[in-house]
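S.K.: The structure file entry_9.txt (compact mmCIF, C-alpha atoms) is provided below.
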```
# COMPACT_ATOMS: atom_id res chain seq x y z
CA MET A 1 0.00 0.00 0.00
CA LYS A 2 2.88 2.31 0.89
CA ASN A 3 4.49 1.51 -2.45
CA LEU A 4 1.24 2.34 -4.25
CA ASN A 5 0.91 5.65 -2.41
CA PHE A 6 4.53 6.48 -3.26
CA LEU A 7 3.93 5.63 -6.90
CA MET A 8 0.82 7.81 -7.07
CA LYS A 9 2.67 10.73 -5.50
CA PHE A 10 5.57 10.24 -7.92
CA VAL A 11 3.24 10.22 -10.93
CA THR A 12 1.39 13.30 -9.69
CA VAL A 13 4.59 15.27 -9.06
CA THR A 14 6.01 14.20 -12.41
CA PHE A 15 2.85 15.34 -14.24
CA VAL A 16 2.78 18.69 -12.45
CA LEU A 17 6.45 19.34 -13.17
CA ALA A 18 6.16 18.24 -16.77
CA GLY A 19 2.82 19.95 -17.35
CA PRO A 20 4.07 23.23 -18.84
CA ALA A 21 6.44 21.41 -21.17
CA MET A 22 3.70 19.00 -22.26
CA ILE A 23 1.30 21.86 -22.91
CA SER A 24 3.97 23.78 -24.80
CA SER A 25 4.65 20.77 -26.99
CA ALA A 26 0.96 20.25 -27.70
CA SER A 27 0.50 23.92 -28.44
CA ALA A 28 3.15 23.75 -31.13
CA ASP A 29 1.59 20.73 -32.84
CA ALA A 30 -1.04 22.57 -34.88
CA LEU A 31 1.30 25.22 -36.24
CA GLN A 32 4.04 22.68 -36.80
CA GLY A 33 1.63 20.40 -38.66
CA ILE A 34 0.43 23.25 -40.88
CA THR A 35 4.02 24.26 -41.63
CA GLU A 36 5.14 20.71 -42.41
CA LYS A 37 2.19 20.10 -44.74
CA GLY A 38 2.57 23.48 -46.37
CA LYS A 39 -1.21 23.71 -46.37
CA LEU A 40 -3.80 25.66 -44.39
CA ARG A 41 -7.29 24.13 -44.12
CA VAL A 42 -9.90 26.81 -43.51
CA SER A 43 -13.56 26.13 -42.71
CA ILE A 44 -16.04 28.43 -44.43
CA ASP A 45 -19.81 28.48 -44.80
CA PRO A 46 -20.55 28.89 -48.53
CA ALA A 47 -24.19 29.67 -47.78
CA ALA A 48 -23.43 33.07 -46.26
CA PRO A 49 -23.04 35.64 -49.05
CA PRO A 50 -21.41 38.11 -49.33
CA TYR A 51 -19.12 36.72 -46.62
CA SER A 52 -18.65 33.40 -48.40
CA ALA A 53 -20.47 31.86 -51.33
CA MET A 54 -19.92 29.94 -54.55
CA ASP A 55 -20.07 31.69 -57.91
CA GLU A 56 -21.48 30.41 -61.21
CA ALA A 57 -18.14 28.81 -62.07
CA GLY A 58 -18.10 26.81 -58.85
CA LYS A 59 -15.42 28.94 -57.20
CA TYR A 60 -15.63 30.35 -53.69
CA LYS A 61 -15.94 34.10 -53.27
CA GLY A 62 -16.68 36.63 -50.54
CA SER A 63 -15.00 38.71 -47.86
CA GLU A 64 -14.15 35.73 -45.64
CA VAL A 65 -12.69 33.89 -48.63
CA GLU A 66 -10.48 36.91 -49.32
CA VAL A 67 -9.29 36.91 -45.70
CA ALA A 68 -8.46 33.20 -45.95
CA LYS A 69 -6.58 33.76 -49.22
CA LYS A 70 -4.60 36.59 -47.69
CA LEU A 71 -3.68 34.55 -44.62
CA ALA A 72 -2.47 31.59 -46.68
CA ALA A 73 -0.55 33.83 -49.09
CA ASP A 74 1.12 35.80 -46.29
CA TRP A 75 2.20 32.55 -44.65
CA LYS A 76 3.25 31.10 -48.02
CA LEU A 77 0.89 28.14 -47.67
CA GLU A 78 -1.45 26.31 -50.00
CA LEU A 79 -5.06 27.14 -49.14
CA GLU A 80 -7.68 24.42 -48.80
CA LEU A 81 -11.19 25.75 -48.22
CA VAL A 82 -13.32 23.28 -46.25
CA PRO A 83 -17.02 23.92 -46.90
CA THR A 84 -19.27 23.48 -43.89
CA SER A 85 -22.43 24.96 -42.38
CA ALA A 86 -22.91 27.50 -39.62
CA ALA A 87 -23.82 24.69 -37.22
CA ASN A 88 -20.77 22.59 -38.13
CA ARG A 89 -18.05 25.24 -38.18
CA ILE A 90 -16.85 24.49 -34.66
CA PRO A 91 -17.36 20.67 -34.78
CA TYR A 92 -15.27 20.50 -37.97
CA LEU A 93 -12.52 22.45 -36.25
CA VAL A 94 -12.55 20.49 -32.99
CA SER A 95 -12.56 17.15 -34.83
CA GLY A 96 -9.48 18.15 -36.83
CA ARG A 97 -11.15 18.42 -40.24
CA SER A 98 -9.90 22.00 -40.50
CA ASP A 99 -7.05 24.00 -38.97
CA VAL A 100 -8.91 27.28 -38.49
CA VAL A 101 -12.37 28.77 -38.98
CA ILE A 102 -12.79 31.99 -40.96
CA SER A 103 -16.55 32.12 -41.26
CA THR A 104 -18.33 35.06 -39.58
CA LEU A 105 -17.57 33.52 -36.20
CA SER A 106 -18.63 36.06 -33.58
CA ILE A 107 -16.52 35.99 -30.43
CA THR A 108 -18.83 34.95 -27.58
CA ASP A 109 -18.28 33.66 -24.06
CA GLU A 110 -20.20 30.49 -24.90
CA ARG A 111 -17.97 29.70 -27.88
CA LYS A 112 -14.85 30.42 -25.84
CA LYS A 113 -15.70 27.35 -23.77
CA ALA A 114 -15.11 25.16 -26.83
CA ILE A 115 -12.45 26.97 -28.88
CA ASP A 116 -9.99 29.86 -28.81
CA PHE A 117 -10.17 32.99 -30.94
CA SER A 118 -7.65 35.30 -32.53
CA LYS A 119 -7.97 39.02 -32.01
CA PRO A 120 -10.96 40.48 -33.87
CA TYR A 121 -10.24 40.94 -37.57
CA SER A 122 -13.76 41.82 -38.76
CA ALA A 123 -17.29 42.45 -37.54
CA ILE A 124 -20.94 41.81 -38.21
CA GLN A 125 -23.17 44.78 -37.51
CA ILE A 126 -26.89 45.25 -37.11
CA VAL A 127 -27.82 48.57 -38.68
CA VAL A 128 -30.79 50.67 -39.71
CA GLY A 129 -30.50 51.09 -43.46
CA ALA A 130 -32.12 53.83 -45.50
CA PRO A 131 -31.74 55.64 -48.83
CA ARG A 132 -28.70 57.91 -48.94
CA ALA A 133 -30.84 61.06 -49.01
CA GLU A 134 -32.50 60.23 -45.68
CA ASN A 135 -31.04 62.32 -42.86
CA ILE A 136 -31.34 60.09 -39.80
CA GLY A 137 -28.82 59.16 -37.14
CA LYS A 138 -30.53 58.30 -33.88
CA LEU A 139 -33.37 56.17 -32.56
CA ASN A 140 -35.61 59.23 -32.13
CA ASP A 141 -35.63 59.57 -35.90
CA LEU A 142 -37.46 56.25 -36.20
CA VAL A 143 -40.46 57.33 -34.13
CA GLY A 144 -43.54 57.53 -36.33
CA LYS A 145 -41.76 55.70 -39.16
CA ARG A 146 -42.36 52.22 -40.58
CA VAL A 147 -39.28 50.08 -40.01
CA ALA A 148 -38.99 46.76 -41.83
CA VAL A 149 -37.26 43.75 -40.29
CA THR A 150 -37.19 40.01 -40.90
CA ARG A 151 -39.30 38.20 -38.32
CA GLY A 152 -37.49 36.13 -35.69
CA SER A 153 -34.00 37.27 -36.73
CA THR A 154 -31.33 38.70 -34.43
CA ASN A 155 -32.10 41.99 -36.17
CA ASP A 156 -35.72 41.68 -35.05
CA ALA A 157 -34.64 40.97 -31.47
CA GLU A 158 -32.31 43.98 -31.40
CA ILE A 159 -34.68 46.59 -32.84
CA THR A 160 -37.48 45.29 -30.61
CA LYS A 161 -35.21 45.78 -27.60
CA VAL A 162 -34.03 49.31 -28.37
CA ALA A 163 -36.87 50.93 -30.36
CA LEU A 164 -38.52 53.92 -28.73
CA PRO A 165 -42.31 54.04 -28.24
CA GLY A 166 -44.02 55.10 -31.43
CA THR A 167 -41.64 53.25 -33.75
CA ASP A 168 -43.74 51.20 -36.17
CA ILE A 169 -41.88 47.90 -36.60
CA ILE A 170 -43.18 45.94 -39.60
CA ARG A 171 -42.10 42.28 -39.62
CA PHE A 172 -41.74 40.19 -42.77
CA GLU A 173 -41.08 36.50 -43.19
CA ASP A 174 -37.75 36.74 -44.99
CA ASP A 175 -35.10 39.19 -46.20
CA ALA A 176 -36.41 39.24 -49.76
CA THR A 177 -39.86 40.38 -48.60
CA SER A 178 -38.37 42.95 -46.24
CA ILE A 179 -36.29 44.39 -49.08
CA THR A 180 -39.32 44.52 -51.38
CA ALA A 181 -41.24 46.40 -48.69
CA LEU A 182 -38.49 48.98 -48.41
CA LEU A 183 -38.02 49.45 -52.16
CA SER A 184 -41.77 49.68 -52.78
CA GLY A 185 -42.32 52.30 -50.08
CA GLN A 186 -44.19 50.07 -47.63
CA ALA A 187 -41.46 50.85 -45.11
CA SER A 188 -39.11 53.79 -44.68
CA TYR A 189 -36.17 51.96 -43.13
CA TYR A 190 -34.77 48.45 -42.90
CA VAL A 191 -32.95 46.75 -39.99
CA THR A 192 -30.32 44.36 -41.33
CA ALA A 193 -26.57 43.85 -41.84
CA PRO A 194 -24.54 46.26 -44.02
CA ALA A 195 -23.67 43.32 -46.25
CA LEU A 196 -27.29 42.93 -47.32
CA LEU A 197 -27.57 46.63 -48.13
CA THR A 198 -24.55 46.23 -50.40
CA THR A 199 -26.19 43.26 -52.10
CA VAL A 200 -29.42 45.22 -52.66
CA ASN A 201 -27.50 48.17 -54.13
CA ALA A 202 -25.64 45.87 -56.51
CA LYS A 203 -28.93 44.58 -57.91
CA ASN A 204 -30.80 47.89 -57.63
CA PRO A 205 -28.31 50.78 -57.96
CA ALA A 206 -31.10 53.35 -57.75
CA ALA A 207 -31.88 52.20 -54.20
CA GLY A 208 -28.78 53.93 -52.83
CA LEU A 209 -29.12 52.27 -49.43
CA GLU A 210 -26.56 52.87 -46.71
CA PRO A 211 -26.20 52.19 -42.96
CA LYS A 212 -27.58 55.08 -40.93
CA ILE A 213 -27.71 53.83 -37.33
CA VAL A 214 -25.57 51.06 -35.87
CA LEU A 215 -27.62 49.11 -33.34
CA LYS A 216 -25.05 46.47 -32.42
CA THR A 217 -21.58 45.30 -33.42
CA ASN A 218 -20.45 41.69 -33.04
CA VAL A 219 -16.71 41.30 -33.59
CA THR A 220 -15.45 38.15 -35.31
CA GLY A 221 -12.23 36.21 -34.81
CA ILE A 222 -10.39 33.32 -36.38
CA GLY A 223 -11.35 30.16 -34.51
CA ILE A 224 -8.73 27.59 -33.50
CA ARG A 225 -8.66 24.54 -31.25
CA LYS A 226 -7.97 25.00 -27.54
CA GLY A 227 -4.36 24.97 -26.37
CA GLU A 228 -2.69 25.97 -29.63
CA ALA A 229 -0.62 28.79 -28.15
CA ALA A 230 1.95 29.01 -30.95
CA LEU A 231 -0.72 29.18 -33.66
CA LEU A 232 -2.71 31.73 -31.67
CA GLU A 233 0.33 33.95 -31.21
CA LYS A 234 1.13 33.86 -34.92
CA LEU A 235 -2.48 34.57 -35.88
CA ASN A 236 -2.66 37.55 -33.54
CA ALA A 237 0.56 38.94 -35.01
CA TRP A 238 -0.93 38.53 -38.49
CA VAL A 239 -4.17 40.29 -37.50
CA ASN A 240 -2.20 43.15 -35.92
CA ALA A 241 -0.16 43.58 -39.10
CA GLY A 242 -3.26 43.46 -41.32
CA LEU A 243 -5.01 46.11 -39.25
CA ALA A 244 -1.91 48.30 -39.12
CA ASP A 245 -1.29 48.28 -42.88
CA GLY A 246 -4.98 48.65 -43.75
CA SER A 247 -5.24 45.43 -45.75
CA LEU A 248 -7.96 43.89 -43.56
CA ASN A 249 -9.88 47.15 -43.66
CA GLY A 250 -9.54 47.05 -47.44
CA VAL A 251 -11.16 43.62 -47.61
CA TYR A 252 -14.03 44.78 -45.41
CA LYS A 253 -14.57 48.06 -47.24
CA THR A 254 -14.57 46.37 -50.65
CA ALA A 255 -17.28 44.00 -49.46
CA PHE A 256 -19.45 46.34 -47.42
CA GLY A 257 -18.65 49.89 -48.49
CA ILE A 258 -17.66 51.06 -45.01
CA ASP A 259 -14.57 50.95 -42.81
CA LEU A 260 -14.03 48.42 -40.04
CA PRO A 261 -15.71 49.63 -36.83
CA PRO A 262 -13.60 50.82 -33.87
CA GLU A 263 -14.60 47.68 -31.95
CA VAL A 264 -12.21 45.89 -34.31
CA THR A 265 -9.52 48.49 -35.00
CA ASN A 266 -9.16 49.44 -31.32
CA ALA A 267 -9.40 45.91 -29.89
CA LYS A 268 -6.62 44.91 -27.51
```
I need this file expressed as C-alpha cells, please.

M.R.:
Amino acid sequence: MKNLNFLMKFVTVTFVLAGPAMISSASADALQGITEKGKLRVSIDPAAPPYSAMDEAGKYKGSEVEVAKKLAADWKLELELVPTSAANRIPYLVSGRSDVVISTLSITDERKKAIDFSKPYSAIQIVVGAPRAENIGKLNDLVGKRVAVTRGSTNDAEITKVALPGTDIIRFEDDATSITALLSGQASYYVTAPALLTTVNAKNPAAGLEPKIVLKTNVTGIGIRKGEAALLEKLNAWVNAGLADGSLNGVYKTAFGIDLPPEVTNAK
C-alpha cells in the first residue's frame, strides 16, 4: 500500500512538473503540422453571401474567402477551403477536419468554452438602413416611421429591444420580402446587416441604401482549437499587421462599403 501511495505521488509530481512542457509541446503541434504540410485548411460556410459563397463557375468568393486567401498567401501556404455549415463550423474544427475557422464567427463567451479565438479581424453589424438622401442618425428619428425587419431574426430581437415608443416595426417572413417592402415604399427603413444593403445596391443601384444607425456590433475572430498557443500567437501577429497596414480594412470596405468599426480596430 505504501508503495502504491509512493507511486501515485511520484506520478502526480512528475505530471505537475512536466505539465508546462507538455502543454507547450501540444500547443506547437497545430502550427508545426500546418508548416510541415505546407497547407492551411480553412472552414467556411458557402451559404453566407457576401461573406462566403460559390459563384457560377463553382469557385468560392466573398469577404471571408479573401481573408483566408490573404492569410495563406502571407504565410506562403497552399489554401484548402473546407465547406461546412454555420452549425458545423466548430465541430469541424474540434474534430481536426480544419485547422482554423474563418466564417463570420462572432466571439462569444459560450464559444470560448469550446475553442480559442484570434484578435478580432472583422465584424458583423446590425444597422438601420435607409436611402442615402435620408437624414437620420438616432433612434428618435425612427419614431412615427415604418421600419422593416425580418421576423425572428437577431435583427428583429435587437430593434425590438431598443426601439422607442411610437416606432412602427413591420415584420416580414424573410429578407427578400423585407427588401421589397423597403423598395416599394411600404417601409421607410430596414434593420439588417450592411452586407445585405450592399447586395441590394448591386442589384438595384437606384436604391442607394446605406447604414444610418448602428444598433449592435459583433466582432469576429479566427477560430482555433484550444491549447494551440503558438498558432494563436502567430495569428494575432498577423491580424495586428493586417489592421496596421490597412489590408484587412480594405477587404471589409470592398465587401461592405464602409470601414471596419472601432470595436475591431481598437481591440486589444

S.K.: Between A:Gly227, A:Pro83, A:Leu40, A:Ile179, which is the closest to A:Lys59 once you count all atoms listed in the file?

M.R.: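 Of all the options, A:Pro83 lies closest to A:Lys59.
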
S.K.: Please determine, counting all atoms listed in the file, which residue among A:Leu243, A:Ala255, A:Ile34, A:Ala229 has the shortest atom-to-atom distance to A:Leu196.

M.R.: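 Ranking A:Leu243, A:Ala255, A:Ile34, A:Ala229 by distance to A:Leu196, first place goes to A:Ala255.
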
S.K.: Let me make sure I understand: among A:Ala267, A:Ile224, A:Ile159, A:Val219, which one has the smallest atom-to-atom distance to A:Arg41 if we use only C-alpha atoms?

M.R.: A:Ile224

S.K.: Please tabulate, as a Markdown table, the residues of stretch 95-151 of chain A that come within 9 Å of stretch 207-211 of chain A, each with its closest pair of atoms and the distance in Å to one decimal, counting all atoms listed in the file and ordering rows by chain, then residue number upward.

M.R.:
```
| residue | atom | partner | partner_atom | distance |
| --- | --- | --- | --- | --- |
| A:Val127 | CA | A:Pro211 | CA | 5.8 |
| A:Val128 | CA | A:Pro211 | CA | 5.8 |
| A:Gly129 | CA | A:Pro211 | CA | 4.5 |
| A:Ala130 | CA | A:Leu209 | CA | 5.2 |
| A:Pro131 | CA | A:Leu209 | CA | 4.3 |
| A:Arg132 | CA | A:Gly208 | CA | 5.6 |
| A:Ala133 | CA | A:Gly208 | CA | 8.3 |
```

S.K.: What is the atom CA of A:Gln32 to atom CA of A:Val264 distance in Å?

M.R.: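 If I compute the distance from atom CA of A:Gln32 to atom CA of A:Val264, I get 28.4 Å.
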
S.K.: Which residues, written as an NGL selection string, have at least one atom at most 12 Å from A:Pro120, with all atoms listed in the file counted and residues fewer than 6 positions away on the same chain left out?

M.R.: :A and (102 or 104-108 or 217-223 or 235-240 or 242-243 or 248-249 or 260-268)

S.K.: Would you please work out which residue, of A:Asn88, A:Thr35, A:Arg225, A:Val82, is nearest to A:Lys113 when using all atoms listed in the file?

M.R.: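 Closest to A:Lys113, using all atoms listed in the file: A:Arg225.
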
S.K.: I'd like the interatomic distance between atom CA of A:Glu173 and atom CA of A:Thr199, to a tenth of an Å.

M.R.: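 These atoms are spaced 18.6 Å apart.
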
S.K.: Hey, can you check how far atom CA of A:Thr84 sits from atom CA of A:Ser98?

M.R.: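 Rounded to one decimal, the two atoms are 10.1 Å apart.
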
S.K.: Which residues come within 10 Å of A:Leu31, counting only C-alpha atoms, excluding same-chain residues fewer than 5 positions away, as an NGL selection string?

M.R.: :A and (26 or 36-37 or 40 or 99 or 228-232 or 234)

S.K.: Residues as selected, C-alpha atoms, written as a PDB file, in the frame of the given file, can you do that?

M.R.:
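Result went into result-v8.pdb, see below:
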```pdb
ATOM      1  CA  ALA A  26       0.960  20.250 -27.700  1.00  0.00           C
ATOM      2  CA  GLU A  36       5.140  20.710 -42.410  1.00  0.00           C
ATOM      3  CA  LYS A  37       2.190  20.100 -44.740  1.00  0.00           C
ATOM      4  CA  LEU A  40      -3.800  25.660 -44.390  1.00  0.00           C
ATOM      5  CA  ASP A  99      -7.050  24.000 -38.970  1.00  0.00           C
ATOM      6  CA  GLU A 228      -2.690  25.970 -29.630  1.00  0.00           C
ATOM      7  CA  ALA A 229      -0.620  28.790 -28.150  1.00  0.00           C
ATOM      8  CA  ALA A 230       1.950  29.010 -30.950  1.00  0.00           C
ATOM      9  CA  LEU A 231      -0.720  29.180 -33.660  1.00  0.00           C
ATOM     10  CA  LEU A 232      -2.710  31.730 -31.670  1.00  0.00           C
ATOM     11  CA  LYS A 234       1.130  33.860 -34.920  1.00  0.00           C
TER      12      LYS A 234
END
```

S.K.: When you count all atoms listed in the file, which of these residues is closest to A:Thr198: A:Ile258, A:Ala72, A:Ala123, A:Val42?

M.R.: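 Among A:Ile258, A:Ala72, A:Ala123, A:Val42, it is A:Ile258 that comes nearest to A:Thr198.
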
S.K.: Taking the point (-31.7, 42.0, -32.4) as given in the file, collect each protein or nucleic acid residue that comes within 10 Å of it, counting only C-alpha atoms, and present the set as an NGL selection string.

M.R.: :A and (126-127 or 149 or 152-162 or 191-192 or 215-216)

S.K.: N, CA and C atoms for stretch 24-50 of chain A, written as a PDB file, in the coordinates of the input, could you do that?

M.R.:
```
ATOM      1  N   SER A  24       3.239  23.047 -23.781  1.00  0.00           N
ATOM      2  CA  SER A  24       3.970  23.780 -24.800  1.00  0.00           C
ATOM      3  C   SER A  24       4.147  22.949 -26.052  1.00  0.00           C
ATOM      4  N   SER A  25       4.462  21.658 -25.851  1.00  0.00           N
ATOM      5  CA  SER A  25       4.650  20.770 -26.990  1.00  0.00           C
ATOM      6  C   SER A  25       3.360  20.596 -27.770  1.00  0.00           C
ATOM      7  N   ALA A  26       2.247  20.428 -27.023  1.00  0.00           N
ATOM      8  CA  ALA A  26       0.960  20.250 -27.700  1.00  0.00           C
ATOM      9  C   ALA A  26       0.553  21.507 -28.440  1.00  0.00           C
ATOM     10  N   SER A  27       0.881  22.671 -27.831  1.00  0.00           N
ATOM     11  CA  SER A  27       0.500  23.920 -28.440  1.00  0.00           C
ATOM     12  C   SER A  27       1.182  24.124 -29.776  1.00  0.00           C
ATOM     13  N   ALA A  28       2.400  23.574 -29.896  1.00  0.00           N
ATOM     14  CA  ALA A  28       3.150  23.750 -31.130  1.00  0.00           C
ATOM     15  C   ALA A  28       2.710  22.798 -32.218  1.00  0.00           C
ATOM     16  N   ASP A  29       1.943  21.773 -31.879  1.00  0.00           N
ATOM     17  CA  ASP A  29       1.590  20.730 -32.840  1.00  0.00           C
ATOM     18  C   ASP A  29       0.818  21.270 -34.036  1.00  0.00           C
ATOM     19  N   ALA A  30      -0.202  22.098 -33.784  1.00  0.00           N
ATOM     20  CA  ALA A  30      -1.040  22.570 -34.880  1.00  0.00           C
ATOM     21  C   ALA A  30      -0.236  23.404 -35.866  1.00  0.00           C
ATOM     22  N   LEU A  31       0.499  24.373 -35.361  1.00  0.00           N
ATOM     23  CA  LEU A  31       1.300  25.220 -36.240  1.00  0.00           C
ATOM     24  C   LEU A  31       2.380  24.423 -36.941  1.00  0.00           C
ATOM     25  N   GLN A  32       3.003  23.522 -36.202  1.00  0.00           N
ATOM     26  CA  GLN A  32       4.040  22.680 -36.800  1.00  0.00           C
ATOM     27  C   GLN A  32       3.456  21.813 -37.913  1.00  0.00           C
ATOM     28  N   GLY A  33       2.272  21.245 -37.653  1.00  0.00           N
ATOM     29  CA  GLY A  33       1.630  20.400 -38.660  1.00  0.00           C
ATOM     30  C   GLY A  33       1.284  21.183 -39.919  1.00  0.00           C
ATOM     31  N   ILE A  34       0.769  22.394 -39.733  1.00  0.00           N
ATOM     32  CA  ILE A  34       0.430  23.250 -40.880  1.00  0.00           C
ATOM     33  C   ILE A  34       1.687  23.562 -41.689  1.00  0.00           C
ATOM     34  N   THR A  35       2.761  23.902 -40.963  1.00  0.00           N
ATOM     35  CA  THR A  35       4.020  24.260 -41.630  1.00  0.00           C
ATOM     36  C   THR A  35       4.596  23.075 -42.397  1.00  0.00           C
ATOM     37  N   GLU A  36       4.572  21.905 -41.766  1.00  0.00           N
ATOM     38  CA  GLU A  36       5.140  20.710 -42.410  1.00  0.00           C
ATOM     39  C   GLU A  36       4.349  20.311 -43.656  1.00  0.00           C
ATOM     40  N   LYS A  37       3.024  20.447 -43.588  1.00  0.00           N
ATOM     41  CA  LYS A  37       2.190  20.100 -44.740  1.00  0.00           C
ATOM     42  C   LYS A  37       2.255  21.158 -45.834  1.00  0.00           C
ATOM     43  N   GLY A  38       2.569  22.385 -45.405  1.00  0.00           N
ATOM     44  CA  GLY A  38       2.570  23.480 -46.370  1.00  0.00           C
ATOM     45  C   GLY A  38       1.172  23.850 -46.823  1.00  0.00           C
ATOM     46  N   LYS A  39       0.191  23.502 -46.004  1.00  0.00           N
ATOM     47  CA  LYS A  39      -1.210  23.710 -46.370  1.00  0.00           C
ATOM     48  C   LYS A  39      -2.000  24.210 -45.166  1.00  0.00           C
ATOM     49  N   LEU A  40      -2.912  25.151 -45.421  1.00  0.00           N
ATOM     50  CA  LEU A  40      -3.800  25.660 -44.390  1.00  0.00           C
ATOM     51  C   LEU A  40      -5.233  25.303 -44.759  1.00  0.00           C
ATOM     52  N   ARG A  41      -5.901  24.525 -43.890  1.00  0.00           N
ATOM     53  CA  ARG A  41      -7.290  24.130 -44.120  1.00  0.00           C
ATOM     54  C   ARG A  41      -8.207  25.081 -43.358  1.00  0.00           C
ATOM     55  N   VAL A  42      -9.045  25.775 -44.099  1.00  0.00           N
ATOM     56  CA  VAL A  42      -9.900  26.810 -43.510  1.00  0.00           C
ATOM     57  C   VAL A  42     -11.366  26.457 -43.713  1.00  0.00           C
ATOM     58  N   SER A  43     -12.111  26.362 -42.615  1.00  0.00           N
ATOM     59  CA  SER A  43     -13.560  26.130 -42.710  1.00  0.00           C
ATOM     60  C   SER A  43     -14.273  27.412 -43.080  1.00  0.00           C
ATOM     61  N   ILE A  44     -15.177  27.321 -44.062  1.00  0.00           N
ATOM     62  CA  ILE A  44     -16.040  28.430 -44.430  1.00  0.00           C
ATOM     63  C   ILE A  44     -17.458  27.907 -44.619  1.00  0.00           C
ATOM     64  N   ASP A  45     -18.415  28.821 -44.528  1.00  0.00           N
ATOM     65  CA  ASP A  45     -19.810  28.480 -44.800  1.00  0.00           C
ATOM     66  C   ASP A  45     -20.200  29.099 -46.134  1.00  0.00           C
ATOM     67  N   PRO A  46     -20.270  28.316 -47.203  1.00  0.00           N
ATOM     68  CA  PRO A  46     -20.550  28.890 -48.530  1.00  0.00           C
ATOM     69  C   PRO A  46     -21.983  29.353 -48.723  1.00  0.00           C
ATOM     70  N   ALA A  47     -22.802  29.220 -47.682  1.00  0.00           N
ATOM     71  CA  ALA A  47     -24.190  29.670 -47.780  1.00  0.00           C
ATOM     72  C   ALA A  47     -24.392  30.989 -47.055  1.00  0.00           C
ATOM     73  N   ALA A  48     -23.339  31.807 -46.992  1.00  0.00           N
ATOM     74  CA  ALA A  48     -23.430  33.070 -46.260  1.00  0.00           C
ATOM     75  C   ALA A  48     -22.901  34.238 -47.079  1.00  0.00           C
ATOM     76  N   PRO A  49     -23.494  34.498 -48.258  1.00  0.00           N
ATOM     77  CA  PRO A  49     -23.040  35.640 -49.050  1.00  0.00           C
ATOM     78  C   PRO A  49     -23.398  36.947 -48.343  1.00  0.00           C
ATOM     79  N   PRO A  50     -22.625  38.024 -48.524  1.00  0.00           N
ATOM     80  CA  PRO A  50     -21.410  38.110 -49.330  1.00  0.00           C
ATOM     81  C   PRO A  50     -20.133  37.742 -48.567  1.00  0.00           C
TER      82      PRO A  50
END
```
